[in-house]
Amino acid sequence: MQGFAVPALAAAMLAALILHLLLTLATHLGDADLAGVLTVAVGMAAVLVVLLPFALLCIRQAQSALAAGSERRGRMASPPG
């Protein structure tokens, strides 16, 4: 089973990549006409549609690994009986 660190780091890296791409696209809005604004908006939507599911999946995996680790520690701390 995977630990907590790998999916948490992957989620953080994907979040940073999403933020970087959205900010890079937003810099093109300064001198854009209507078609340029629409193009940037479509690009931002594409970034979110493509990358956000993977980031959410990594977050879910990190949460389940953290919960499994907590459960495992709880079982080891309490004696059977």
# chains A, B, ... in the order shown; residues from 1 in each chain; ligands from 1

call {"tool": "select_by_dssp", "arguments": {"residues": "range 2-80 of chain A", "states": "alpha helix (DSSP H)", "output": "CSV table (one decimal) with N, CA and C atoms, in the first residue's frame"}}
result
chain,number,residue,atom,x,y,z
A,5,ALA,N,2.9,10.2,1.8
A,5,ALA,CA,3.8,11.3,1.2
A,5,ALA,C,3.6,11.3,-0.3
A,6,VAL,N,3.6,10.2,-1.0
A,6,VAL,CA,3.6,10.2,-2.5
A,6,VAL,C,2.4,10.9,-3.0
A,7,PRO,N,1.1,10.4,-2.6
A,7,PRO,CA,0.0,11.1,-3.2
A,7,PRO,C,-0.2,12.6,-2.7
A,8,ALA,N,0.3,12.9,-1.5
A,8,ALA,CA,0.2,14.3,-1.0
A,8,ALA,C,1.2,15.2,-1.8
A,9,LEU,N,2.4,14.7,-2.1
A,9,LEU,CA,3.3,15.4,-2.9
A,9,LEU,C,2.8,15.6,-4.4
A,10,ALA,N,2.2,14.5,-4.9
A,10,ALA,CA,1.6,14.6,-6.3
A,10,ALA,C,0.5,15.6,-6.3
A,11,ALA,N,-0.3,15.7,-5.3
A,11,ALA,CA,-1.4,16.6,-5.3
A,11,ALA,C,-0.9,18.0,-5.2
A,12,ALA,N,0.1,18.2,-4.4
A,12,ALA,CA,0.7,19.6,-4.2
A,12,ALA,C,1.4,20.0,-5.6
A,13,MET,N,2.1,19.1,-6.2
A,13,MET,CA,2.7,19.4,-7.5
A,13,MET,C,1.6,19.7,-8.6
A,14,LEU,N,0.6,19.0,-8.6
A,14,LEU,CA,-0.5,19.3,-9.6
A,14,LEU,C,-1.2,20.6,-9.3
A,15,ALA,N,-1.4,20.9,-8.0
A,15,ALA,CA,-2.0,22.2,-7.6
A,15,ALA,C,-1.1,23.3,-8.1
A,16,ALA,N,0.2,23.2,-7.9
A,16,ALA,CA,1.2,24.2,-8.3
A,16,ALA,C,1.2,24.4,-9.8
A,17,LEU,N,1.1,23.2,-10.5
A,17,LEU,CA,1.1,23.3,-12.0
A,17,LEU,C,-0.2,24.0,-12.5
A,18,ILE,N,-1.3,23.6,-11.9
A,18,ILE,CA,-2.6,24.3,-12.3
A,18,ILE,C,-2.5,25.8,-12.0
A,19,LEU,N,-2.1,26.2,-10.9
A,19,LEU,CA,-2.0,27.6,-10.5
A,19,LEU,C,-1.0,28.3,-11.5
A,20,HIS,N,0.1,27.7,-11.8
A,20,HIS,CA,1.1,28.3,-12.8
A,20,HIS,C,0.4,28.5,-14.1
A,21,LEU,N,-0.2,27.4,-14.6
A,21,LEU,CA,-0.8,27.5,-16.0
A,21,LEU,C,-2.0,28.6,-16.0
A,22,LEU,N,-2.8,28.6,-14.9
A,22,LEU,CA,-3.8,29.6,-14.9
A,22,LEU,C,-3.3,31.0,-14.9
A,23,LEU,N,-2.2,31.2,-14.1
A,23,LEU,CA,-1.6,32.6,-14.0
A,23,LEU,C,-0.9,33.0,-15.3
A,24,THR,N,-0.3,32.0,-15.9
A,24,THR,CA,0.3,32.3,-17.2
A,24,THR,C,-0.7,32.7,-18.3
A,25,LEU,N,-1.8,32.0,-18.3
A,25,LEU,CA,-2.9,32.3,-19.2
A,25,LEU,C,-3.5,33.7,-18.8
A,26,ALA,N,-3.6,34.0,-17.5
A,26,ALA,CA,-4.2,35.3,-17.1
A,26,ALA,C,-3.3,36.5,-17.5
A,34,LEU,N,-11.9,40.7,-27.5
A,34,LEU,CA,-12.9,39.7,-27.1
A,34,LEU,C,-12.5,38.3,-27.4
A,35,ALA,N,-12.0,38.1,-28.6
A,35,ALA,CA,-11.6,36.8,-29.1
A,35,ALA,C,-10.5,36.2,-28.2
A,36,GLY,N,-9.5,37.1,-27.8
A,36,GLY,CA,-8.4,36.7,-27.0
A,36,GLY,C,-8.9,36.3,-25.6
A,37,VAL,N,-9.9,37.1,-25.1
A,37,VAL,CA,-10.4,36.8,-23.7
A,37,VAL,C,-11.1,35.4,-23.8
A,38,LEU,N,-11.9,35.2,-24.8
A,38,LEU,CA,-12.6,33.9,-24.9
A,38,LEU,C,-11.6,32.7,-25.1
A,39,THR,N,-10.5,33.0,-25.8
A,39,THR,CA,-9.5,31.9,-26.0
A,39,THR,C,-8.8,31.6,-24.7
A,40,VAL,N,-8.5,32.7,-23.9
A,40,VAL,CA,-7.9,32.5,-22.6
A,40,VAL,C,-8.9,31.7,-21.7
A,41,ALA,N,-10.1,32.1,-21.7
A,41,ALA,CA,-11.1,31.4,-20.9
A,41,ALA,C,-11.2,30.0,-21.2
A,42,VAL,N,-11.2,29.6,-22.5
A,42,VAL,CA,-11.3,28.2,-22.9
A,42,VAL,C,-10.0,27.5,-22.5
A,43,GLY,N,-8.9,28.2,-22.6
A,43,GLY,CA,-7.6,27.5,-22.2
A,43,GLY,C,-7.6,27.3,-20.7
A,44,MET,N,-8.2,28.2,-19.9
A,44,MET,CA,-8.3,28.0,-18.4
A,44,MET,C,-9.2,26.8,-18.1
A,45,ALA,N,-10.3,26.8,-18.8
A,45,ALA,CA,-11.3,25.7,-18.6
A,45,ALA,C,-10.6,24.3,-19.0
A,46,ALA,N,-9.9,24.3,-20.0
A,46,ALA,CA,-9.2,23.1,-20.5
A,46,ALA,C,-8.2,22.6,-19.4
A,47,VAL,N,-7.4,23.6,-18.8
A,47,VAL,CA,-6.5,23.2,-17.8
A,47,VAL,C,-7.2,22.6,-16.6
A,48,LEU,N,-8.3,23.2,-16.2
A,48,LEU,CA,-9.0,22.7,-15.1
A,48,LEU,C,-9.7,21.3,-15.4
A,49,VAL,N,-10.2,21.2,-16.5
A,49,VAL,CA,-10.9,19.9,-16.9
A,49,VAL,C,-9.9,18.8,-17.0
A,50,VAL,N,-8.7,19.1,-17.5
A,50,VAL,CA,-7.7,18.0,-17.7
A,50,VAL,C,-7.0,17.7,-16.4
A,51,LEU,N,-6.6,18.7,-15.6
A,51,LEU,CA,-5.7,18.4,-14.5
A,51,LEU,C,-6.4,18.3,-13.1
A,52,LEU,N,-7.5,18.9,-12.9
A,52,LEU,CA,-8.2,18.9,-11.6
A,52,LEU,C,-8.6,17.5,-11.2
A,53,PRO,N,-9.2,16.7,-12.1
A,53,PRO,CA,-9.5,15.3,-11.6
A,53,PRO,C,-8.3,14.5,-11.1
A,54,PHE,N,-7.2,14.7,-11.7
A,54,PHE,CA,-6.0,14.0,-11.2
A,54,PHE,C,-5.6,14.5,-9.8
A,55,ALA,N,-5.6,15.8,-9.6
A,55,ALA,CA,-5.3,16.4,-8.3
A,55,ALA,C,-6.3,15.9,-7.3
A,56,LEU,N,-7.6,15.9,-7.6
A,56,LEU,CA,-8.6,15.4,-6.6
A,56,LEU,C,-8.4,13.9,-6.3
A,57,LEU,N,-8.0,13.1,-7.3
A,57,LEU,CA,-7.7,11.7,-7.1
A,57,LEU,C,-6.5,11.6,-6.1
A,58,CYS,N,-5.5,12.3,-6.3
A,58,CYS,CA,-4.3,12.3,-5.4
A,58,CYS,C,-4.7,12.7,-4.0
A,59,ILE,N,-5.5,13.7,-3.9
A,59,ILE,CA,-5.9,14.1,-2.6
A,59,ILE,C,-6.7,13.0,-1.9
A,60,ARG,N,-7.6,12.4,-2.6
A,60,ARG,CA,-8.4,11.3,-2.0
A,60,ARG,C,-7.5,10.1,-1.6
A,61,GLN,N,-6.5,9.8,-2.4
A,61,GLN,CA,-5.6,8.7,-2.1
A,61,GLN,C,-4.7,9.1,-0.8
A,62,ALA,N,-4.3,10.3,-0.7
A,62,ALA,CA,-3.6,10.8,0.4
A,62,ALA,C,-4.4,10.7,1.7
A,63,GLN,N,-5.7,11.1,1.6
A,63,GLN,CA,-6.6,11.0,2.7
A,63,GLN,C,-6.8,9.6,3.2
A,64,SER,N,-7.0,8.7,2.2
A,64,SER,CA,-7.3,7.3,2.6
A,64,SER,C,-6.0,6.7,3.2
A,65,ALA,N,-4.8,7.0,2.7
A,65,ALA,CA,-3.6,6.5,3.3
A,65,ALA,C,-3.4,7.1,4.7
A,66,LEU,N,-3.7,8.3,4.9
A,66,LEU,CA,-3.6,8.9,6.2
A,66,LEU,C,-4.6,8.2,7.2
A,67,ALA,N,-5.8,8.0,6.7
A,67,ALA,CA,-6.8,7.3,7.6
A,67,ALA,C,-6.3,5.9,7.9
A,68,ALA,N,-5.8,5.2,6.9
A,68,ALA,CA,-5.3,3.8,7.1
A,68,ALA,C,-4.2,3.8,8.1
A,69,GLY,N,-3.3,4.8,8.0
A,69,GLY,CA,-2.2,4.8,8.9
A,69,GLY,C,-2.6,5.1,10.4
A,70,SER,N,-3.6,6.0,10.5
A,70,SER,CA,-4.2,6.3,11.8
A,70,SER,C,-4.8,5.1,12.4
A,71,GLU,N,-5.6,4.4,11.6
A,71,GLU,CA,-6.3,3.1,12.1
A,71,GLU,C,-5.3,2.1,12.5
A,72,ARG,N,-4.2,2.0,11.7
A,72,ARG,CA,-3.1,1.0,12.0
A,72,ARG,C,-2.5,1.3,13.3
A,73,ARG,N,-2.2,2.6,13.5
A,73,ARG,CA,-1.5,3.0,14.8
A,73,ARG,C,-2.5,2.8,16.0
A,74,GLY,N,-3.8,3.0,15.7
A,74,GLY,CA,-4.8,2.8,16.8
A,74,GLY,C,-4.9,1.3,17.2
A,75,ARG,N,-4.8,0.4,16.2
A,75,ARG,CA,-4.8,-1.0,16.5
A,75,ARG,C,-3.6,-1.4,17.3
A,76,MET,N,-2.4,-0.9,16.9
A,76,MET,CA,-1.2,-1.3,17.6
A,76,MET,C,-1.1,-0.7,19.0
A,77,ALA,N,-1.7,0.4,19.2
A,77,ALA,CA,-1.6,1.0,20.6
A,77,ALA,C,-2.5,0.3,21.6
